[in-house]
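K.L.:
Here it is, the structure in full.
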Number of protein chains: 8
Amino acid sequence: MDTTDIERILTQVSEGSLTPQDASDQLARLPFSDLGVARIDHHRSLRQGFPEAVYAPGKSLDDINIIVDDLLGHGTGPVIITRANPAQVEASEKIGLAHSLDAVVTEGPDVSTVVFRPAPDLGHRIIVVTAGTADAPVADECAAVLRGVGLDPQLLRDRGVAGLHRILGDIDTLSGADAIVVVAGMEGALASVVGGLARGPVIAVPTSVGYGSSLEGVTALLAMMASCAAGVSVVGIDNGFGAAFAVLRAIGTRS
Amino acid sequence: MDTTDIERILTQVSEGSLTPQDASDQLARLPFSDLGVARIDHHRSLRQGFPEAVYAPGKSLDDINIIVDDLLGHGTGPVIITRANPAQVEASEKIGLAHSLDAVVTEGPDVSTVVFRPAPDLGHRIIVVTAGTADAPVADECAAVLRGVGLDPQLLRDRGVAGLHRILGDIDTLSGADAIVVVAGMEGALASVVGGLARGPVIAVPTSVGYGSSLEGVTALLAMMASCAAGVSVVGIDNGFGAAFAVLRAIGTRS
Amino acid sequence: MDTTDIERILTQVSEGSLTPQDASDQLARLPFSDLGVARIDHHRSLRQGFPEAVYAPGKSLDDINIIVDDLLGHGTGPVIITRANPAQVEASEKIGLAHSLDAVVTEGPDVSTVVFRPAPDLGHRIIVVTAGTADAPVADECAAVLRGVGLDPQLLRDRGVAGLHRILGDIDTLSGADAIVVVAGMEGALASVVGGLARGPVIAVPTSVGYGSSLEGVTALLAMMASCAAGVSVVGIDNGFGAAFAVLRAIGTRS
Amino acid sequence: MDTTDIERILTQVSEGSLTPQDASDQLARLPFSDLGVARIDHHRSLRQGFPEAVYAPGKSLDDINIIVDDLLGHGTGPVIITRANPAQVEASEKIGLAHSLDAVVTEGPDVSTVVFRPAPDLGHRIIVVTAGTADAPVADECAAVLRGVGLDPQLLRDRGVAGLHRILGDIDTLSGADAIVVVAGMEGALASVVGGLARGPVIAVPTSVGYGSSLEGVTALLAMMASCAAGVSVVGIDNGFGAAFAVLRAIGTRS
Amino acid sequence: MDTTDIERILTQVSEGSLTPQDASDQLARLPFSDLGVARIDHHRSLRQGFPEAVYAPGKSLDDINIIVDDLLGHGTGPVIITRANPAQVEASEKIGLAHSLDAVVTEGPDVSTVVFRPAPDLGHRIIVVTAGTADAPVADECAAVLRGVGLDPQLLRDRGVAGLHRILGDIDTLSGADAIVVVAGMEGALASVVGGLARGPVIAVPTSVGYGSSLEGVTALLAMMASCAAGVSVVGIDNGFGAAFAVLRAIGTRS
Amino acid sequence: MDTTDIERILTQVSEGSLTPQDASDQLARLPFSDLGVARIDHHRSLRQGFPEAVYAPGKSLDDINIIVDDLLGHGTGPVIITRANPAQVEASEKIGLAHSLDAVVTEGPDVSTVVFRPAPDLGHRIIVVTAGTADAPVADECAAVLRGVGLDPQLLRDRGVAGLHRILGDIDTLSGADAIVVVAGMEGALASVVGGLARGPVIAVPTSVGYGSSLEGVTALLAMMASCAAGVSVVGIDNGFGAAFAVLRAIGTRS
Amino acid sequence: MDTTDIERILTQVSEGSLTPQDASDQLARLPFSDLGVARIDHHRSLRQGFPEAVYAPGKSLDDINIIVDDLLGHGTGPVIITRANPAQVEASEKIGLAHSLDAVVTEGPDVSTVVFRPAPDLGHRIIVVTAGTADAPVADECAAVLRGVGLDPQLLRDRGVAGLHRILGDIDTLSGADAIVVVAGMEGALASVVGGLARGPVIAVPTSVGYGSSLEGVTALLAMMASCAAGVSVVGIDNGFGAAFAVLRAIGTRS
Amino acid sequence: MDTTDIERILTQVSEGSLTPQDASDQLARLPFSDLGVARIDHHRSLRQGFPEAVYAPGKSLDDINIIVDDLLGHGTGPVIITRANPAQVEASEKIGLAHSLDAVVTEGPDVSTVVFRPAPDLGHRIIVVTAGTADAPVADECAAVLRGVGLDPQLLRDRGVAGLHRILGDIDTLSGADAIVVVAGMEGALASVVGGLARGPVIAVPTSVGYGSSLEGVTALLAMMASCAAGVSVVGIDNGFGAAFAVLRAIGTRS
């Protein structure tokens, strides 16, 4: 709850332009839309300076229609739909057209990221580095979200530590970065190596890449949590979206 | 390996002031001290702008003597010893006196954090918030390290979500913070609540607080990784030191 | 074994109207139907005042036909079939028609809940609150069962703690409730927040919602068990039916 | 945040007896004591009708002194200290004497439960049933807390399902109970059996009793969550306190 | 290696009818068929008095053809194929016909058990008891194998402990049994109850029945291992075949 | 509940020598002693033909005194106390002397097994085989209990499969045994090898022997459950007592 | 980074044939191909004497085309593609034909191993031994890779320890081997038995074979790690490729 | 069973110098000493060319006396006692003196490694590399065993990947090694980096070093199993002894 909101309401009460009962109601009815299917948190966007984001899995096409329409109709900032299946992508694109907006779609093997009204690049040096080609879908989701919020990243692919010299050519790039997202499955060792080279925030994303002993990402998750490189922090398995938002928190949207 | 180092060496070779063989040797002998018991990584400090840090567990008093003496004798920045037992604290203090330096000791129930030459406060708004009193030792370690690097934090204690109104009075403090460390055991729900209120980086530290179902911190770790608040990132169980360094990465040492 | 049953049988023996051998037989043949495919526990309904319930998975259409027919033919209370697939729903509806009963079907994405002879609403204030839209199927199953037993609930959807103010408008509703079911996946933090606001019974249902680090509901299960809110109790993953019965136990069917 | 509080404050603003700024401050300063070491949540007691409770582990004797003194000095209801070690018990007793209050101490093998100002028995039929003698400490903690809040329980000990006839003599007791707490380690099967016999709320507490395959309570926890008896709900491992509060939620403090 | 075999070979050497080199070869070539795809262990049948058994998953139809043909062509005892898919069943039946043998097929929802040359019933009182209808396929596999080896079992279905009186009518049956197999998923509590009633061997089979908290049988497995009923032993998840062989070991094939 | 008991009571009622009310009381008061601290299940001994057994951990010396005195005063069969600490052993021995009975004490490194009135050897060929010397305490507990019930075993020690030839000399012994208990930690492979050699019941006991990857017995437990030798069944980790009772179930006490 | 490379570059700088800036660039651009989709590590082949290997899962046909074409166009040694689906196999074969090379394809049930330019057999005695027929696909992958690098193995199939005599005929083969790969699922006991018989390197591969308690290979993995046979080492679940490379490391490519 | 042994015995039978019965006995009595407390496997030493090794935990001083005395009295090769506590070390030293042998004791923080009759260095280039100082005890055990068998290693300490340049100076050492043991806790990433640099066998030892998220070595174990560096194999947690024997298997004792 935002103090300035409270003070504004209280001032109106103090001035007699608002009854105590109405004020109490207003305090409870903070800015969100109750659409029946979901409560859209426009307030979060105001409160945190974050873009509006929709997590598509489990939502019907009707849900998508109602929610995306509501989001595009409020505010002017980026709107991001993550993990949308083809039908959800198509539905989103149609609603966008109804608002005269083109969707930027980043396709993954199963699901896609859709962005409307992406912010212009703020010029920060953001790096997304992957260990292997199989980590690409998670890195692509992360990059799509980052581009949506004006933090256009440079992608360094295939830098697994088993070929250490592959990362050596990037030392300057990594040590000079404003923020780095490390996307790795298997044993996730790349996070420790990058964490030891970089001075900026390093956000590690364990991926569910790898068979058997990778335990669908749990091995990389645990390894990244136990990283010997100080100050590396970790988001959930395959959570490229979360990593992008962790960067957004660290960098802000200050140009 | 730092490109400017390489170029300096190469230039000397080019000028004839260094033979190829000697240059090759120099490239291998980058700035660290080989003390027999440990290889002190002075280079990391240069490379990352991080303070020197010593993880005390498993080190003999002789190890501590040699390593701390070496660190205090090189450079002028902060030197931090974490998780030192009483004898290690005493040994560190003695070495400090030999260098005419006073140790700042933050005592925990079992182990302490020792800081030499703490940096002056850079004036950032850093918050360390805990869920319960039992989380205090981890929060104190984190705060001690933050103070060591000039990021003096404000501590908000006992803000567990079961008494939600306790956190409501802090909403302004949290939403205006430059960085927040959330220290919580049990179910770790405080990370999600704070993550929804704050716009800056939120680093969650699961603690091993709680009996039985807390599984010595694993429950909080998993819950924080799966947080519904976008962009919250997590460090290892009880790793107050790591959280402080994650803040250092996000904020930097830029005044 | 019900003491009054025993005493009745014993009295008949004492009066000579029942031989000891027959009495022994009667004690063993307590009221259940042995249908070959299953032993229907009519006695449970008498003993516990609970409705008859059928767990559909793994049952053939023949099984469903026999069991539902038996249940509709005995007693007059509610009959509930949970997690029925479309063919099982259709079979149930047909048997219902043969008994001149309409089925109330609550459809989920994969399976449905079928209720016959739902009890009239007893007027209790029961709340089912969900963290996100993906928790809806579990909440819907829970609500369908509650309506079946006369405990018609109010649903509060999309109250995840990352947007704390979304729950603030519901504080009065929650604190005045007779019982609350909290349905949440991911980190399940909503259970702790609601547990801190409400005074009545709070039953938490972990859902298998969320990818990767949610470990198919285990993360939420552990977090809810370790909740810092005193007296929150937990049922199995995705077990909306169990949560409804826990409410039924707490509230009873006393009007 | 309590709506009536808000309305009172708003009315004062409306009447001019409170400035908007002061009102905003008051909203943030809801009734808790900030004691430095902890934020005592007196508001929770008002909000939930629950007694004040202190979880002793990790608290210094000074913490105990300050917190218990504060609690005994506010309000007139029960004050409960759980898992107190002998020194914490002694400290609590001394503070009690300073308030002219006798402590009711329930000793366990390692830690004790301390209650001040226990409520008079409200006359409900509450049962605490254990599977084996080793479950006694958890049951005793639960019973001590129940007695503190006026829900004096009957204890049924040693009713493990391997000797099924031991539970048969209690069927009437169990089926007529207002609420039952089942305390069991090992495989926790007693929860399912009792759940099938009783109609009232059944709260299961897994204990860390048993060697090896019991996995320190995890086996019983999982088994109780997966119970085939509908509507059994579960609290954390060894959490006798939590079970007592779950009963309190179900029964209330209505006489 | 069978001592009598060794002595026979040694005696032949002693008598000069076998050279040491040939004897050494014979010792290595003990009675099994090397079919290329698999090494059939006829010796096991001789050594243990067990029937020949083939685990079908992963075997091609060619493998099945070769192996079953070999088994039917050697010896005269039962031959059992477990977990055969429809094509493997059909192939087995054809080979049987070529040997003038009818297959006894027990169909499960996914895979079937095929038996050739089942032994006549030896007249032991073997019980297979299940907790719920969903445990039927595992119980059916177990029963099919038992019938194959002459230990025709009685099946007691749907005896879950939540309706305790359902098991009370079977107490005499259970306490007089020569061996009992308990097949249960969820929390597996039936094993403890039966273990407390019966005096003969009780073999528990955890099944993967149940959603979420059942963890695909791990919960039942752990609970059965931690059973409070002394002397209950456990076989692998869903391993009806293994349970039948454990009974065979306990009872033997002594008529 | 024993049918003959029921019939006897019913006959008395029929004959007028017992009122229905008294009969009902008698049915509930089946033969167990309610000693306050524990409910001794004498009925189990009658029902199952098992000896009386006391699990000592968690019991006070007073508990031991009361329980053992009660057991020695009823019946004439073996009484077994498992996992007794030195003080519990001493207390047991004193009570034994009061009953003019000598205790047979099998000392382990931490706890001991105490047996009174051991049964004479019934002459069965029972084998207890261990993988390594560290498995000895579990094997000794098992052997002590077996001797208590007249199933005096032969111990084969140190037969780990890494030295396969060590087991080869025992093949005749193993294949001719009436029952075998395999006690092994680490990877528990001995159970599979013995299971392949023996025809009688094979009960595997995983032990918590081994460091790190043995996960305190969980590795051996899982390996034994997944054994490729058909019909091997498993009891809990370190549960030598349970293995002895599993043998007792398989062999019976029929001489 | 190879010292001889560094010295060559440095010598050129010393001789003036290379400027320091160009030298710095060259050091960063070590021999790998940046193909956009992946960074091929030709350097690894030079550095380790290993063949080029491509892990196919997650790679598009375009990726396969580009990468395999690059690999076949560089160097003359073996090129191995693992876990290729049918379309990837076909694509690889086409590229091979464009380079006038025939692919050696080892088909598995789901995926295949493709080898180009296999090395001639170096004559070492390499054994791949499996426990059961279901382990064949992993063993076949391992064997295909071994043949690719000139270490043609002998396969011993179906040597599970439950039929111990099956392995006895192979003792000479095993004890005389230069290296052994043990491929086993379920409880993985074969690794311990072989480890006790052989003197050369024993590499164990846990497979995901087995249902339920095998936990998709985790049971075998843990059991092999805890093996009582000294010096057995383990690679990841189903990782036949890794086992082949572990042999390559132990044997080398020295003829 | 060794074929040459068998052939020798058979030849004696053939020559009439041995009766078949005696031969059969000899085959069963292969060369091991049955000392009552343990079966010493002298045959293993002959069969595998391995030294005699004793795992001390759980053995009484009497056991140690008997076993070590037996080992020193047979053969002339190295005898190794691992994980001996101080009393066991002292006992071993005394027995050594009785055989006129000096013990080489490598002391760890808790337990020590004792070696008698160490083999002379065979001149191989063996490396033991550790990630941090806390890994030293495991590395020291490994090195002590390696020195015992004539494979004197070079130790590289403190080469954790967070300071990547620390390992760069060792590239030549690592790539030229005959075998490398990587000892690392936390996330174990050093195994992947070394695996990518070296061409010889790389044996990874996960250590239980690290707090919380390291899960007592399980994190490192999983990470090393999932290593992206091909052909790295892993031994058990903290198993320095096993790693040394894996090297011994790879290198052999061929000078």
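Chains: A, B, ... in order of the structure tokens. Residues: from 1 per chain. Ligands: from 1, in order shown.
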Extract the full set of alpha helix (DSSP H) residues from stretch 103-211 of chain B according to DSSP on the backbone, and format it as a PyMOL selection string.

P.N.:
chain B and resi 136-148+165-168+171-175+190-197

K.L.:
Would you mind exporting N, CA and C atoms of the selected residues as a PDB file, in the first residue's frame?

P.N.:
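Final file, result20.pdb:
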```pdb
ATOM      1  N   ALA B 136      18.451 -14.375  13.357  1.00  0.00           N
ATOM      2  CA  ALA B 136      19.382 -13.288  13.642  1.00  0.00           C
ATOM      3  C   ALA B 136      20.844 -13.601  13.300  1.00  0.00           C
ATOM      4  N   PRO B 137      21.389 -14.765  13.655  1.00  0.00           N
ATOM      5  CA  PRO B 137      22.814 -14.971  13.371  1.00  0.00           C
ATOM      6  C   PRO B 137      23.164 -14.834  11.890  1.00  0.00           C
ATOM      7  N   VAL B 138      22.293 -15.319  11.017  1.00  0.00           N
ATOM      8  CA  VAL B 138      22.570 -15.200   9.582  1.00  0.00           C
ATOM      9  C   VAL B 138      22.476 -13.742   9.153  1.00  0.00           C
ATOM     10  N   ALA B 139      21.458 -13.050   9.659  1.00  0.00           N
ATOM     11  CA  ALA B 139      21.317 -11.634   9.329  1.00  0.00           C
ATOM     12  C   ALA B 139      22.498 -10.822   9.856  1.00  0.00           C
ATOM     13  N   ASP B 140      22.973 -11.187  11.036  1.00  0.00           N
ATOM     14  CA  ASP B 140      24.097 -10.444  11.612  1.00  0.00           C
ATOM     15  C   ASP B 140      25.367 -10.655  10.794  1.00  0.00           C
ATOM     16  N   GLU B 141      25.601 -11.886  10.330  1.00  0.00           N
ATOM     17  CA  GLU B 141      26.760 -12.118   9.468  1.00  0.00           C
ATOM     18  C   GLU B 141      26.653 -11.278   8.205  1.00  0.00           C
ATOM     19  N   CYS B 142      25.467 -11.277   7.621  1.00  0.00           N
ATOM     20  CA  CYS B 142      25.253 -10.498   6.401  1.00  0.00           C
ATOM     21  C   CYS B 142      25.502  -9.019   6.659  1.00  0.00           C
ATOM     22  N   ALA B 143      24.961  -8.499   7.765  1.00  0.00           N
ATOM     23  CA  ALA B 143      25.118  -7.076   8.086  1.00  0.00           C
ATOM     24  C   ALA B 143      26.577  -6.737   8.353  1.00  0.00           C
ATOM     25  N   ALA B 144      27.288  -7.635   9.032  1.00  0.00           N
ATOM     26  CA  ALA B 144      28.696  -7.370   9.336  1.00  0.00           C
ATOM     27  C   ALA B 144      29.509  -7.248   8.052  1.00  0.00           C
ATOM     28  N   VAL B 145      29.237  -8.139   7.104  1.00  0.00           N
ATOM     29  CA  VAL B 145      29.967  -8.085   5.826  1.00  0.00           C
ATOM     30  C   VAL B 145      29.580  -6.817   5.061  1.00  0.00           C
ATOM     31  N   LEU B 146      28.298  -6.483   5.055  1.00  0.00           N
ATOM     32  CA  LEU B 146      27.850  -5.270   4.353  1.00  0.00           C
ATOM     33  C   LEU B 146      28.527  -4.032   4.939  1.00  0.00           C
ATOM     34  N   ARG B 147      28.582  -3.961   6.272  1.00  0.00           N
ATOM     35  CA  ARG B 147      29.262  -2.816   6.881  1.00  0.00           C
ATOM     36  C   ARG B 147      30.735  -2.813   6.508  1.00  0.00           C
ATOM     37  N   GLY B 148      31.315  -3.999   6.393  1.00  0.00           N
ATOM     38  CA  GLY B 148      32.721  -4.078   6.003  1.00  0.00           C
ATOM     39  C   GLY B 148      32.987  -3.451   4.651  1.00  0.00           C
ATOM     40  N   HIS B 165       0.586  -7.277   9.450  1.00  0.00           N
ATOM     41  CA  HIS B 165       0.609  -5.846   9.729  1.00  0.00           C
ATOM     42  C   HIS B 165       1.987  -5.391  10.196  1.00  0.00           C
ATOM     43  N   ARG B 166       2.811  -6.322  10.699  1.00  0.00           N
ATOM     44  CA  ARG B 166       4.155  -5.923  11.124  1.00  0.00           C
ATOM     45  C   ARG B 166       4.983  -5.410   9.958  1.00  0.00           C
ATOM     46  N   ILE B 167       4.705  -5.943   8.761  1.00  0.00           N
ATOM     47  CA  ILE B 167       5.474  -5.512   7.599  1.00  0.00           C
ATOM     48  C   ILE B 167       4.842  -4.267   6.954  1.00  0.00           C
ATOM     49  N   LEU B 168       3.562  -4.021   7.277  1.00  0.00           N
ATOM     50  CA  LEU B 168       2.878  -2.913   6.593  1.00  0.00           C
ATOM     51  C   LEU B 168       3.494  -1.562   6.954  1.00  0.00           C
ATOM     52  N   ILE B 171       6.441  -0.565   4.570  1.00  0.00           N
ATOM     53  CA  ILE B 171       6.298  -0.612   3.115  1.00  0.00           C
ATOM     54  C   ILE B 171       7.122   0.475   2.442  1.00  0.00           C
ATOM     55  N   ASP B 172       7.084   1.687   2.976  1.00  0.00           N
ATOM     56  CA  ASP B 172       7.877   2.763   2.371  1.00  0.00           C
ATOM     57  C   ASP B 172       9.359   2.439   2.425  1.00  0.00           C
ATOM     58  N   THR B 173       9.800   1.953   3.579  1.00  0.00           N
ATOM     59  CA  THR B 173      11.216   1.608   3.729  1.00  0.00           C
ATOM     60  C   THR B 173      11.625   0.575   2.690  1.00  0.00           C
ATOM     61  N   LEU B 174      10.787  -0.437   2.510  1.00  0.00           N
ATOM     62  CA  LEU B 174      11.131  -1.526   1.602  1.00  0.00           C
ATOM     63  C   LEU B 174      11.061  -1.081   0.139  1.00  0.00           C
ATOM     64  N   SER B 175      10.010  -0.315  -0.215  1.00  0.00           N
ATOM     65  CA  SER B 175       9.866   0.030  -1.625  1.00  0.00           C
ATOM     66  C   SER B 175      10.910   1.059  -2.056  1.00  0.00           C
ATOM     67  N   LEU B 190       8.368 -14.815   3.580  1.00  0.00           N
ATOM     68  CA  LEU B 190       8.668 -13.384   3.625  1.00  0.00           C
ATOM     69  C   LEU B 190       9.312 -12.908   2.321  1.00  0.00           C
ATOM     70  N   ALA B 191      10.081 -13.778   1.675  1.00  0.00           N
ATOM     71  CA  ALA B 191      10.740 -13.383   0.425  1.00  0.00           C
ATOM     72  C   ALA B 191       9.723 -13.014  -0.639  1.00  0.00           C
ATOM     73  N   SER B 192       8.632 -13.765  -0.716  1.00  0.00           N
ATOM     74  CA  SER B 192       7.612 -13.472  -1.722  1.00  0.00           C
ATOM     75  C   SER B 192       6.900 -12.165  -1.408  1.00  0.00           C
ATOM     76  N   VAL B 193       6.593 -11.950  -0.136  1.00  0.00           N
ATOM     77  CA  VAL B 193       5.893 -10.726   0.230  1.00  0.00           C
ATOM     78  C   VAL B 193       6.775  -9.509  -0.025  1.00  0.00           C
ATOM     79  N   VAL B 194       8.016  -9.567   0.411  1.00  0.00           N
ATOM     80  CA  VAL B 194       8.929  -8.445   0.184  1.00  0.00           C
ATOM     81  C   VAL B 194       9.172  -8.269  -1.314  1.00  0.00           C
ATOM     82  N   GLY B 195       9.311  -9.389  -2.016  1.00  0.00           N
ATOM     83  CA  GLY B 195       9.528  -9.316  -3.461  1.00  0.00           C
ATOM     84  C   GLY B 195       8.381  -8.615  -4.175  1.00  0.00           C
ATOM     85  N   GLY B 196       7.186  -8.717  -3.635  1.00  0.00           N
ATOM     86  CA  GLY B 196       6.039  -8.050  -4.245  1.00  0.00           C
ATOM     87  C   GLY B 196       5.948  -6.573  -3.884  1.00  0.00           C
ATOM     88  N   LEU B 197       6.643  -6.184  -2.839  1.00  0.00           N
ATOM     89  CA  LEU B 197       6.566  -4.790  -2.391  1.00  0.00           C
ATOM     90  C   LEU B 197       7.713  -3.926  -2.943  1.00  0.00           C
TER      91      LEU B 197
END
```

K.L.:
Determine which residues of chain B sit within 6 Å of chain D, taking into account only C-alpha atoms, and present them as a CSV table (one decimal) with C-alpha atoms, in the first residue's frame.

P.N.:
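Output file part09.csv follows:
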```csv
chain,number,residue,atom,x,y,z
B,134,ALA,CA,16.2,-17.3,15.3
B,158,ASP,CA,10.8,-10.2,13.3
B,169,GLY,CA,4.6,-0.2,8.6
B,212,GLY,CA,11.3,-31.2,11.3
B,213,SER,CA,9.5,-30.2,8.2
```

K.L.:
Here is a test: counting only C-alpha atoms, which residue of F:Val79, F:Ala87, F:Cys228, F:Leu156 is nearest to F:Pro118?

P.N.:
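Nearest candidate to F:Pro118 out of F:Val79, F:Ala87, F:Cys228, F:Leu156: F:Val79.
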
K.L.:
From a DSSP pass on the backbone, collect the residues of stretch 162-239 of chain C flagged as strand (DSSP E) and hand them back as number ranges by chain.

P.N.:
C: 179-184, 202-206, 233-234

K.L.:
C:His99: which residues within 8 Å, counting only C-alpha atoms, same-chain residues fewer than 2 positions away excluded, as a tab-separated table (two decimals) with all heavy atoms, in the first residue's frame?

P.N.:
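Output contents, as saved in part.tsv:
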```tsv
chain	number	residue	atom	x	y	z
C	72	LEU	N	-26.68	-44.82	-5.07
C	72	LEU	CA	-27.92	-44.06	-5.26
C	72	LEU	C	-29.11	-44.84	-4.73
C	72	LEU	O	-30.11	-44.25	-4.30
C	72	LEU	CB	-28.12	-43.71	-6.74
C	72	LEU	CG	-27.08	-42.74	-7.34
C	72	LEU	CD1	-27.39	-42.45	-8.80
C	72	LEU	CD2	-27.04	-41.43	-6.56
C	73	GLY	N	-28.99	-46.16	-4.74
C	73	GLY	CA	-30.08	-46.99	-4.26
C	73	GLY	C	-30.16	-47.09	-2.74
C	73	GLY	O	-31.18	-47.50	-2.19
C	95	ILE	N	-26.78	-43.38	-15.01
C	95	ILE	CA	-27.30	-44.09	-13.83
C	95	ILE	C	-28.18	-43.16	-13.02
C	95	ILE	O	-29.22	-43.55	-12.50
C	95	ILE	CB	-26.15	-44.61	-12.96
C	95	ILE	CG1	-25.20	-45.45	-13.80
C	95	ILE	CG2	-26.69	-45.43	-11.79
C	95	ILE	CD1	-23.88	-45.70	-13.12
C	96	GLY	N	-27.75	-41.91	-12.91
C	96	GLY	CA	-28.55	-40.93	-12.19
C	96	GLY	C	-29.96	-40.83	-12.77
C	96	GLY	O	-30.96	-40.86	-12.04
C	97	LEU	N	-30.02	-40.75	-14.11
C	97	LEU	CA	-31.33	-40.63	-14.75
C	97	LEU	C	-32.20	-41.85	-14.43
C	97	LEU	O	-33.42	-41.73	-14.22
C	97	LEU	CB	-31.16	-40.48	-16.26
C	97	LEU	CG	-30.54	-39.13	-16.67
C	97	LEU	CD1	-30.34	-39.06	-18.18
C	97	LEU	CD2	-31.43	-37.98	-16.19
C	101	LEU	N	-32.44	-38.81	-11.04
C	101	LEU	CA	-31.62	-37.81	-10.36
C	101	LEU	C	-30.74	-37.09	-11.39
C	101	LEU	O	-30.15	-37.74	-12.26
C	101	LEU	CB	-30.71	-38.47	-9.32
C	101	LEU	CG	-31.40	-38.99	-8.05
C	101	LEU	CD1	-30.47	-39.89	-7.26
C	101	LEU	CD2	-31.84	-37.80	-7.19
```
